[in-house]
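With mmCIF, C-alpha atoms inside, this is coords_6.cif:
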data_protein
#
loop_
_atom_site.label_atom_id
_atom_site.label_comp_id
_atom_site.auth_asym_id
_atom_site.auth_seq_id
_atom_site.Cartn_x
_atom_site.Cartn_y
_atom_site.Cartn_z
CA MET A 176 83.23 113.65 128.62
CA ASN A 177 84.70 115.88 125.95
CA GLN A 178 84.73 114.18 122.56
CA GLY A 179 87.90 114.63 120.56
CA ILE A 180 89.93 113.61 117.56
CA TYR A 181 93.10 111.61 117.04
CA PHE A 182 95.27 112.22 113.99
CA ASP A 183 98.24 110.09 112.96
CA GLN A 184 100.39 112.39 110.84
CA THR A 185 102.66 109.50 109.86
CA ARG A 186 99.76 107.85 108.02
CA CYS A 187 98.08 110.75 106.20
CA THR A 188 98.82 110.87 102.47
CA ASN A 189 96.76 114.01 101.70
CA CYS A 190 94.31 111.97 99.61
CA LEU A 191 91.54 114.35 100.74
CA THR A 192 88.94 111.60 101.07
CA CYS A 193 87.98 113.03 104.48
CA VAL A 194 87.30 116.43 102.90
CA VAL A 195 84.96 115.03 100.23
CA ALA A 196 83.32 112.52 102.59
CA CYS A 197 82.50 115.39 104.97
CA LYS A 198 80.93 117.51 102.21
CA ASP A 199 79.00 114.50 100.98
CA TRP A 200 77.64 113.47 104.39
CA HIS A 201 76.67 116.99 105.42
CA ASN A 202 75.42 118.04 101.95
CA ILE A 203 77.76 120.99 101.67
CA PRO A 204 77.98 122.31 98.10
CA ALA A 205 81.29 122.99 96.37
CA GLY A 206 82.53 126.35 97.55
CA PRO A 207 84.54 127.95 100.32
CA ALA A 208 82.77 126.27 103.24
CA SER A 209 84.61 123.09 104.15
CA TRP A 210 84.27 121.63 107.63
CA MET A 211 87.36 119.52 107.04
CA ARG A 212 90.53 120.72 105.34
CA VAL A 213 94.03 119.27 104.96
CA LYS A 214 97.01 121.60 105.17
CA THR A 215 100.35 120.75 103.59
CA SER A 216 103.68 121.81 105.13
CA GLU A 217 106.80 121.60 103.00
CA GLU A 218 110.25 122.08 104.48
CA GLY A 219 113.78 121.71 103.12
CA ARG A 220 115.22 121.76 99.62
CA TYR A 221 115.00 119.13 96.94
CA PRO A 222 115.82 116.28 97.43
CA HIS A 223 116.05 116.62 101.22
CA LEU A 224 112.48 117.37 102.09
CA HIS A 225 110.06 117.02 104.92
CA VAL A 226 106.42 117.14 103.85
CA SER A 227 103.56 116.81 106.31
CA PHE A 228 99.81 116.96 106.18
CA LEU A 229 97.50 118.21 108.91
CA VAL A 230 93.76 117.70 109.18
CA GLN A 231 91.99 120.93 110.00
CA CYS A 232 88.49 120.67 111.37
CA CYS A 233 86.98 121.97 114.58
CA TYR A 234 88.98 120.62 117.49
CA HIS A 235 86.08 121.23 119.91
CA CYS A 236 88.25 123.13 122.40
CA VAL A 237 87.75 122.76 126.14
CA ARG A 238 87.61 126.59 126.36
CA PRO A 239 86.47 127.63 122.85
CA SER A 240 87.18 131.25 121.92
CA CYS A 241 84.38 131.24 119.33
CA VAL A 242 81.77 130.67 122.05
CA GLU A 243 83.06 133.67 123.97
CA ALA A 244 83.40 135.80 120.84
CA CYS A 245 79.85 135.29 119.57
CA PRO A 246 77.83 138.40 120.47
CA VAL A 247 74.46 136.62 120.22
CA GLY A 248 75.29 133.33 121.92
CA ALA A 249 74.78 131.35 118.72
CA ILE A 250 77.77 129.08 119.40
CA ARG A 251 77.58 126.70 122.31
CA LYS A 252 79.61 123.90 123.77
CA ARG A 253 77.42 120.97 124.70
CA GLU A 254 77.68 119.78 128.28
CA ASP A 255 77.10 116.10 127.54
CA ASN A 256 79.84 115.54 124.95
CA GLY A 257 81.71 118.83 124.58
CA ILE A 258 80.82 119.23 120.92
CA VAL A 259 80.85 122.87 119.85
CA GLY A 260 77.80 123.62 117.72
CA VAL A 261 76.26 126.65 116.08
CA ASP A 262 72.65 127.81 115.86
CA ARG A 263 72.66 129.12 112.29
CA ASP A 264 69.29 130.86 112.71
CA ALA A 265 70.70 132.96 115.52
CA CYS A 266 74.04 133.68 113.78
CA VAL A 267 74.46 137.28 112.63
CA GLY A 268 76.55 136.32 109.59
CA LYS A 269 80.01 136.85 108.24
CA ASP A 270 79.51 140.26 106.65
CA GLU A 271 78.11 141.94 109.74
CA CYS A 272 80.00 139.97 112.37
CA GLY A 273 82.51 137.20 111.65
CA LEU A 274 84.00 137.52 115.15
CA CYS A 275 84.20 133.74 115.68
CA LEU A 276 86.40 133.37 112.60
CA LYS A 277 88.67 136.12 113.86
CA GLU A 278 89.02 134.51 117.29
CA CYS A 279 89.53 130.90 116.20
CA PRO A 280 93.21 130.14 115.45
CA TYR A 281 92.21 126.96 113.61
CA GLU A 282 89.82 128.46 111.03
CA ALA A 283 87.07 126.13 112.21
CA PRO A 284 84.21 128.59 111.60
CA GLN A 285 83.32 128.21 107.92
CA PHE A 286 81.19 130.36 105.66
CA GLY A 287 79.63 129.72 102.26
CA ALA A 288 79.92 132.03 99.26
CA GLU A 289 76.37 133.39 99.66
CA GLU A 290 75.74 136.95 100.79
CA ASP A 291 75.80 137.39 104.56
CA ALA A 292 76.68 133.71 105.00
CA LYS A 293 75.89 132.18 108.38
CA MET A 294 78.56 130.27 110.22
CA GLN A 295 78.78 126.50 109.82
CA LYS A 296 81.31 124.09 111.23
CA CYS A 297 82.30 120.53 112.08
CA ASP A 298 79.89 119.04 114.61
CA LEU A 299 81.91 115.82 114.91
CA CYS A 300 78.98 114.15 113.09
CA LEU A 301 76.70 114.40 116.10
CA ASP A 302 74.01 112.56 114.11
CA ARG A 303 76.34 109.59 113.68
CA LEU A 304 77.61 109.78 117.28
CA ILE A 305 74.02 109.36 118.52
CA GLU A 306 73.80 106.18 116.45
CA GLY A 307 77.08 104.97 117.95
CA ARG A 308 79.04 105.53 114.77
CA LYS A 309 82.34 107.34 114.19
CA PRO A 310 82.38 110.64 112.25
CA ILE A 311 82.35 110.24 108.48
CA CYS A 312 85.97 111.47 108.12
CA VAL A 313 87.16 108.73 110.48
CA ALA A 314 85.08 106.09 108.70
CA ALA A 315 86.19 107.24 105.24
CA CYS A 316 89.96 107.55 105.85
CA PRO A 317 91.59 104.81 103.74
CA MET A 318 94.86 105.17 105.69
CA ARG A 319 93.18 104.82 109.12
CA ALA A 320 94.90 108.06 110.12
CA LEU A 321 91.93 109.35 112.10
CA ASP A 322 90.02 108.29 115.15
CA SER A 323 87.60 109.94 117.54
CA GLY A 324 85.98 109.34 120.89
CA PRO A 325 85.95 110.60 124.45
CA MET A 326 89.29 112.28 125.21
CA ASP A 327 90.10 110.04 128.19
CA LYS A 328 89.75 106.95 126.01
CA LEU A 329 91.79 108.50 123.20
CA ARG A 330 94.56 109.45 125.67
CA LYS A 331 94.65 105.94 127.03
CA ARG A 332 95.00 104.50 123.57
CA TYR A 333 97.16 107.10 121.81
CA GLY A 334 98.94 109.08 124.51
CA GLU A 335 99.14 112.83 124.99
CA GLY A 336 100.68 114.08 121.71
CA LYS A 337 100.04 117.80 121.40
CA GLU A 338 102.50 118.55 118.61
CA ALA A 339 102.31 118.05 114.90
CA GLU A 340 103.89 119.73 111.90
CA GLY A 341 101.87 122.82 110.99
CA PHE A 342 99.97 122.83 114.29
CA PHE A 343 100.09 125.17 117.27
CA PHE A 344 98.57 123.86 120.49
CA SER A 345 96.83 126.68 122.30
CA SER A 346 96.92 125.86 126.00
CA LYS A 347 94.42 128.67 126.55
CA LEU A 348 91.79 127.01 124.36
CA GLU A 349 92.92 123.38 124.83
CA PRO A 350 91.85 121.86 121.54
CA SER A 351 90.56 118.28 121.88
CA ILE A 352 93.03 116.65 119.55
CA ILE A 353 95.80 114.11 120.03
CA PHE A 354 98.57 113.65 117.50
CA LYS A 355 101.07 111.14 116.41
CA SER A 356 103.55 113.42 114.65
CA ARG A 357 106.09 112.66 111.98
CA PRO A 358 109.62 112.94 113.32
CA LYS A 359 112.02 115.12 111.34
CA SER A 360 114.49 112.23 111.13
CA SER A 361 112.37 110.92 108.27
CA LEU A 362 113.90 113.71 106.11
CA SER A 363 116.30 111.26 104.53
CA ARG A 364 113.43 109.12 103.29
CA PHE A 365 112.56 111.69 100.65
CA MET B 297 72.82 91.87 101.10
CA SER B 298 74.67 93.84 103.73
CA GLU B 299 78.36 94.68 103.42
CA GLU B 300 79.13 92.05 106.05
CA GLU B 301 77.18 89.39 104.12
CA TRP B 302 79.04 90.26 100.93
CA VAL B 303 82.38 89.85 102.67
CA GLN B 304 81.23 86.49 104.12
CA GLU B 305 80.11 85.40 100.65
CA ILE B 306 83.50 86.31 99.15
CA ALA B 307 85.33 84.53 101.98
CA ARG B 308 83.23 81.38 101.41
CA GLY B 309 84.46 81.12 97.83
CA SER B 310 88.10 81.55 98.86
CA VAL B 311 90.80 79.49 100.57
CA ILE B 312 89.87 80.96 103.96
CA PRO B 313 88.42 78.11 106.05
CA SER B 314 86.80 80.12 108.87
CA TYR B 315 85.46 83.59 108.26
CA GLU B 316 85.01 84.28 111.96
CA GLU B 317 88.60 83.39 112.76
CA PHE B 318 89.81 85.41 109.77
CA LYS B 319 87.87 88.43 110.96
CA ARG B 320 89.21 88.10 114.50
CA LYS B 321 92.86 87.74 113.43
CA GLY B 322 92.66 90.12 110.47
CA VAL B 323 94.90 87.88 108.41
CA TYR B 324 94.89 84.34 107.02
CA ARG B 325 98.17 82.65 106.12
CA ILE B 326 98.00 79.98 103.44
CA PRO B 327 99.95 76.98 104.79
CA LEU B 328 102.70 75.81 102.41
CA SER B 329 104.30 72.38 102.73
CA GLU B 330 107.49 73.77 101.16
CA PRO B 331 108.65 77.25 100.11
CA TYR B 332 107.20 78.51 96.86
CA VAL B 333 109.85 78.90 94.14
CA ALA B 334 109.06 80.51 90.81
CA PHE B 335 109.71 78.28 87.72
CA GLN B 336 110.22 75.27 89.99
CA GLU B 337 109.33 72.79 87.22
CA GLN B 338 111.68 74.37 84.70
CA ILE B 339 114.51 74.33 87.23
CA ALA B 340 113.95 70.70 88.24
CA ASP B 341 113.50 69.32 84.73
CA PRO B 342 114.16 71.87 81.96
CA GLU B 343 113.95 69.23 79.21
CA GLN B 344 110.36 68.35 80.04
CA HIS B 345 109.28 71.89 80.91
CA PRO B 346 110.61 74.32 78.29
CA PHE B 347 109.64 78.00 78.34
CA LEU B 348 107.40 79.19 75.51
CA THR B 349 110.34 80.73 73.61
CA PRO B 350 112.05 79.52 70.37
CA SER B 351 114.99 78.17 72.40
CA GLY B 352 112.86 76.86 75.27
CA LYS B 353 115.05 78.90 77.63
CA ILE B 354 114.73 82.29 79.28
CA GLU B 355 116.09 84.42 76.42
CA ILE B 356 118.38 87.29 77.29
CA PHE B 357 119.32 87.49 73.60
CA SER B 358 116.33 87.10 71.25
CA GLN B 359 116.90 85.72 67.76
CA GLU B 360 113.37 86.88 66.85
CA LEU B 361 114.07 90.50 67.80
CA GLU B 362 117.49 90.35 66.12
CA ALA B 363 115.77 89.30 62.88
CA MET B 364 113.60 92.40 62.98
CA GLY B 365 116.72 94.51 62.42
CA ASP B 366 115.22 97.57 64.12
CA PRO B 367 117.79 99.49 66.21
CA LEU B 368 114.93 100.73 68.41
CA ILE B 369 114.02 97.11 69.22
CA PRO B 370 117.38 95.71 70.36
CA SER B 371 117.87 91.95 70.69
CA ILE B 372 119.31 92.30 74.21
CA PRO B 373 117.90 94.50 76.99
CA LYS B 374 119.74 97.82 76.86
CA TYR B 375 119.31 101.49 77.50
CA LEU B 376 118.07 103.58 74.59
CA GLU B 377 118.43 107.33 74.56
CA PRO B 378 114.86 108.70 74.65
CA TRP B 379 113.49 111.16 72.13
CA GLU B 380 113.26 114.59 73.70
CA GLY B 381 115.24 113.40 76.70
CA PRO B 382 117.88 115.30 78.66
CA ARG B 383 120.59 114.71 76.01
CA ASP B 384 118.48 115.79 73.02
CA PRO B 385 119.90 118.88 71.23
CA LEU B 386 116.35 120.26 71.45
CA CYS B 387 117.17 120.97 75.13
CA GLU B 388 118.85 124.17 73.98
CA LYS B 389 115.46 125.50 72.96
CA TYR B 390 113.24 123.61 75.42
CA PRO B 391 115.30 122.81 78.53
CA LEU B 392 112.60 121.39 80.80
CA GLN B 393 111.53 117.74 80.84
CA LEU B 394 107.75 117.51 80.96
CA LEU B 395 106.10 114.86 83.09
CA THR B 396 102.36 114.21 82.90
CA THR B 397 101.60 112.40 86.15
CA HIS B 398 98.22 111.08 87.23
CA PHE B 399 96.15 113.49 89.29
CA LYS B 400 94.48 112.24 92.46
CA ARG B 401 91.15 113.92 91.76
CA ARG B 402 90.75 112.43 88.26
CA ALA B 403 90.91 109.03 86.59
CA HIS B 404 92.60 110.22 83.39
CA SER B 405 90.03 112.72 82.05
CA GLN B 406 87.12 111.31 84.07
CA PHE B 407 85.56 113.25 86.97
CA GLU B 408 87.21 116.47 85.75
CA THR B 409 83.92 118.36 85.97
CA VAL B 410 82.80 117.17 89.43
CA PRO B 411 82.69 120.39 91.49
CA TRP B 412 83.50 118.67 94.82
CA LEU B 413 86.63 117.16 93.31
CA ARG B 414 87.68 120.18 91.25
CA GLU B 415 88.04 122.37 94.32
CA LEU B 416 90.36 119.88 96.03
CA GLN B 417 93.28 120.51 93.71
CA ASP B 418 94.05 123.17 91.14
CA GLN B 419 95.24 122.06 87.74
CA ALA B 420 98.66 123.73 87.71
CA LEU B 421 102.20 123.30 86.46
CA LEU B 422 104.52 121.95 89.14
CA ILE B 423 107.88 123.67 88.83
CA SER B 424 110.89 123.57 91.15
CA ALA B 425 111.73 126.65 93.18
CA ALA B 426 115.10 126.90 91.35
CA ASP B 427 113.57 126.81 87.86
CA ALA B 428 110.84 129.22 88.92
CA ALA B 429 113.30 131.72 90.42
CA ALA B 430 115.40 131.69 87.21
CA ARG B 431 112.27 132.70 85.29
CA GLY B 432 110.91 135.24 87.78
CA ILE B 433 107.95 132.98 88.55
CA SER B 434 106.24 133.03 91.94
CA ASP B 435 103.75 130.49 93.27
CA GLY B 436 100.34 131.04 91.66
CA ASP B 437 101.68 133.09 88.72
CA ARG B 438 100.20 132.43 85.32
CA VAL B 439 102.77 130.76 83.09
CA LYS B 440 103.01 129.73 79.47
CA VAL B 441 104.21 126.16 78.91
CA PHE B 442 105.18 125.59 75.30
CA ASN B 443 107.11 123.72 72.65
CA ASP B 444 106.82 123.41 68.86
CA ARG B 445 103.59 121.44 69.20
CA GLY B 446 101.56 123.91 71.22
CA GLU B 447 101.13 126.04 74.30
CA VAL B 448 99.20 126.00 77.55
CA ILE B 449 98.59 128.90 79.91
CA ILE B 450 98.08 127.75 83.47
CA PRO B 451 99.00 128.79 87.05
CA ALA B 452 102.39 127.63 88.36
CA LYS B 453 102.75 125.69 91.59
CA VAL B 454 106.25 126.37 92.88
CA THR B 455 107.55 123.53 95.04
CA GLU B 456 110.66 121.77 96.27
CA ARG B 457 108.90 118.48 95.65
CA ILE B 458 109.99 118.26 92.02
CA MET B 459 113.49 117.85 90.61
CA PRO B 460 115.02 120.97 89.06
CA GLY B 461 114.91 120.64 85.27
CA VAL B 462 111.59 118.79 85.39
CA VAL B 463 108.06 120.19 85.29
CA ASP B 464 104.79 118.34 85.74
CA LEU B 465 101.48 119.06 84.07
CA PRO B 466 99.10 116.37 85.40
CA GLN B 467 97.43 114.48 82.56
CA GLY B 468 93.70 114.31 81.92
CA ALA B 469 92.64 117.97 82.15
CA TRP B 470 90.20 119.00 79.45
CA PHE B 471 91.33 121.07 76.48
CA SER B 472 89.80 124.56 76.82
CA PRO B 473 91.13 126.89 74.12
CA ASP B 474 90.73 130.65 74.43
CA GLU B 475 89.82 132.82 71.42
CA LYS B 476 93.42 132.56 70.17
CA GLY B 477 93.37 128.77 70.40
CA VAL B 478 95.69 128.68 73.44
CA ASP B 479 94.68 126.01 75.94
CA ARG B 480 93.68 127.34 79.35
CA GLY B 481 92.55 124.02 80.80
CA GLY B 482 96.02 122.56 81.32
CA CYS B 483 95.64 119.76 78.78
CA ALA B 484 99.00 117.98 78.55
CA ASN B 485 98.14 116.49 75.14
CA VAL B 486 98.75 119.92 73.62
CA LEU B 487 102.46 119.49 74.42
CA THR B 488 103.12 115.76 74.10
CA SER B 489 103.90 113.88 70.92
CA ASP B 490 101.49 111.27 69.54
CA ARG B 491 104.39 109.21 68.18
CA SER B 492 104.40 105.75 69.73
CA SER B 493 107.40 103.61 70.59
CA PRO B 494 108.36 100.78 68.14
CA CYS B 495 106.65 98.30 70.45
CA GLY B 496 103.49 100.40 70.50
CA ALA B 497 103.83 102.05 73.91
CA LEU B 498 102.76 105.63 74.53
CA VAL B 499 105.66 107.95 75.18
CA THR B 500 103.74 110.79 76.71
CA ASN B 501 106.39 111.62 79.30
CA THR B 502 108.88 112.20 76.53
CA ALA B 503 108.47 115.88 75.82
CA LEU B 504 110.67 118.93 76.27
CA VAL B 505 109.15 122.31 77.02
CA GLN B 506 110.02 125.85 78.00
CA VAL B 507 108.13 127.86 80.62
CA GLU B 508 107.80 131.60 80.92
CA LYS B 509 105.80 133.97 83.04
CA VAL B 510 102.95 135.72 81.28
CA GLY B 511 101.51 139.08 82.20
CA VAL B 512 97.83 139.66 82.80
CA ILE B 513 96.07 137.99 79.89
#
Could you show the structure in this file as structure tokens?
Amino acid sequence: MNQGIYFDQTRCTNCLTCVVACKDWHNIPAGPASWMRVKTSEEGRYPHLHVSFLVQCCYHCVRPSCVEACPVGAIRKREDNGIVGVDRDACVGKDECGLCLKECPYEAPQFGAEEDAKMQKCDLCLDRLIEGRKPICVAACPMRALDSGPMDKLRKRYGEGKEAEGFFFSSKLEPSIIFKSRPKSSLSRF
Amino acid sequence: MSEEEWVQEIARGSVIPSYEEFKRKGVYRIPLSEPYVAFQEQIADPEQHPFLTPSGKIEIFSQELEAMGDPLIPSIPKYLEPWEGPRDPLCEKYPLQLLTTHFKRRAHSQFETVPWLRELQDQALLISAADAAARGISDGDRVKVFNDRGEVIIPAKVTERIMPGVVDLPQGAWFSPDEKGVDRGGCANVLTSDRSSPCGALVTNTALVQVEKVGVI
């Protein structure tokens, strides 16, 4: 069953703990490569504002465009859990190729600052999943805004939410993410 | 000791009778025989339970403060016009109220040099879209923030999330002067006054500044 992510946009405060926890767990140095990012959307005029935050990692699409785009077959979607992973030894690199980055609408393929950087990306903490643990971003979130698991279980628990501020759901790719979005009526709260 | 054992140990030394039940329910309510009321003793029997004030009462007017004779320490609670506030004549020259809020990636000046944290947030001046437009400032532009005490050159973050007339330079960034002595690190102390309030409080949010766009420097 495809593993996926749940994100509660009403809870996220943009504290960025998930971003740092991810870099820490996966030993990713400071620099442009970040498997987890948080995007801020700001709408309205002071003092009537609507501000939302969106976690941006790999959404492990059902039909991932990166897998199709890769000319050397370095990106694969696992059959057992649907996690999209990359073989960095096989990857051609950003300077010569970079096709996966071009094809992914969610900027999931990440590259370091080094010359001819090989692609790296969120693997949903496969190492932790094997041990029966949640990904580090889920475990680290102090607002409990994140969850993960098989998509059928997530749907049962959280519903079918495909919309969130700052997010476009590609039905072609079918990203494995479920949202609880922040309604616009909360404008008056700010 | 594991994390779980630590939590058990803490629970043992608390009012919680059963750790297992507490863990299952996620909450423990302390049973009260009657509602808790603050200053219950003083209300019931004020003669026997005076407050630790000269009059033994809650003092709205303080004879002690009155005796000090300092207009900045009034004997009754009242509003005092702040120094370098919105009604200060200095506003003519420096019309923007400077705030120096706490930054999420630092604890004051600590952790400022941790690369993983540095890249999360840029040290920048938060300025409202209205104030930025009036000065020809776009998001990411380098701006000079200044008053009679000093100047800082730092990128601007243009946002609707701050009140027009107010700018915010998050406190705690390290002073990094260039060859001319102008701070490039975004250190708010360059702009704030070190005068303290009569009761000894820091008044670091009490500073007026002006902001202008700088060319390529």
- Message: Assuming the chain letters and numbering stay as they are in my file, what does the PyMOL selection byres ((chain B) within 10 of (chain A)) actually select? List them as an MDAnalysis selection string.
- Response: chainID B and resid 400:401 410:417 424:426 455:460
With all atoms of region 457-468 of chain B from the file as input, state the centre and edge lengths in Å to one decimal of the axis-aligned box that has 6 Å extra on each side, as AutoDock Vina command-line options.
--center_x 104.4 --center_y 117.6 --center_z 88.8 --size_x 33.3 --size_y 18.7 --size_z 25.7
- Task: Using only C-alpha atoms, determine which residues lie at most 9 Å from Asp298 (chain A), disregarding the query and same-chain residues fewer than 6 positions distant; provide the list as a list of chain:residue names.
- Result: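 Neighbouring residues, sequence-local ones excluded: A:Trp210, A:Cys233, A:His235, A:Ile258, A:Val259, A:Gly260, A:Val261.
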- Query: Written as a PyMOL selection string, which residues does the PyMOL selection byres ((chain A and resi 327) around 12) give for the file shown?
  - Reply: chain A and resi 176-181+323-326+328-335+351-353
Could you turn the residues from that selection into a file that holds C-alpha atoms, as a tab-separated table (two decimals), in the coordinates of the input?
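Generated file (out-v2.tsv):
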chain	number	residue	atom	x	y	z
A	176	MET	CA	83.23	113.65	128.62
A	177	ASN	CA	84.70	115.88	125.95
A	178	GLN	CA	84.73	114.18	122.56
A	179	GLY	CA	87.90	114.63	120.56
A	180	ILE	CA	89.93	113.61	117.56
A	181	TYR	CA	93.10	111.61	117.04
A	323	SER	CA	87.60	109.94	117.54
A	324	GLY	CA	85.98	109.34	120.89
A	325	PRO	CA	85.95	110.60	124.45
A	326	MET	CA	89.29	112.28	125.21
A	328	LYS	CA	89.75	106.95	126.01
A	329	LEU	CA	91.79	108.50	123.20
A	330	ARG	CA	94.56	109.45	125.67
A	331	LYS	CA	94.65	105.94	127.03
A	332	ARG	CA	95.00	104.50	123.57
A	333	TYR	CA	97.16	107.10	121.81
A	334	GLY	CA	98.94	109.08	124.51
A	335	GLU	CA	99.14	112.83	124.99
A	351	SER	CA	90.56	118.28	121.88
A	352	ILE	CA	93.03	116.65	119.55
A	353	ILE	CA	95.80	114.11	120.03
- Task: Tell me which protein, DNA and RNA residues are within 8 Å of Asn443 (chain B), counting all atoms listed in the file, leaving out same-chain ones fewer than 2 positions away, and put them as number ranges by chain.
- Result: B: 390, 441, 445-447, 487, 504-506
- Query: Could you state the separation of CA of Gln359 (chain B) and CA of Pro373 (chain B) in Å, given to one decimal place?
  - Reply: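 Distance between the two atoms: 12.8 Å.
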- Might you spell out which residues the PyMOL selection byres ((chain A and resi 280) around 12) would select in the displayed file, as JSON, numbers by chain? {"A": [231, 232, 233, 234, 236, 239, 240, 241, 274, 275, 276, 277, 278, 279, 281, 282, 283, 284, 342, 343, 344, 345, 346, 347, 348, 349, 350]}
- When you draw a straight line from CA of Gly482 (chain B) to CA of Ser209 (chain A), how long is it in Å? 25.5 Å
- Message: Just to confirm, what's the straight-line distance from CA of Arg357 (chain A) to CA of Ala314 (chain A) in Å (one decimal)?
- Response: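 About the pair CA of Arg357 (chain A) and CA of Ala314 (chain A): they are 22.3 Å apart.
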- Message: I need the residue nearest Glu338 (chain A) from this list: A:Glu289, A:Pro310, A:Ser356, A:Val237. Use all atoms listed in the file for the distance.
- Response: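 Result for the nearest residue to Glu338 (chain A): A:Ser356.
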- Message: So that I can check the surroundings of Gly511 (chain B), please list as an MDAnalysis selection string every protein, DNA and RNA residue that reaches within 10 Å of it, counting all atoms listed in the file and ignoring chain neighbours fewer than 5 positions away.
- Response: chainID B and resid 437:440
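For the choices B:Ser329, B:Asn501, B:Gln406, B:Tyr315, the atom-to-atom distance to Trp379 (chain B) is smallest for B:Asn501 when using all atoms listed in the file.
With distances taken over all atoms listed in the file, B:Leu395 is the one residue among B:Ile326, B:Leu395, B:Cys483, B:Ala497 lying closest to Val463 (chain B).
Closest to Lys453 (chain B) among B:Leu361, B:Ile433, B:Ile312, B:Cys495 is B:Ile433, based on all atoms listed in the file.
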- Between B:Glu508, B:Glu343, B:Glu299, B:Glu305, which one has atoms that come closest to Arg431 (chain B), using all atoms listed in the file?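 So, comparing all the options, the nearest one is B:Glu508.
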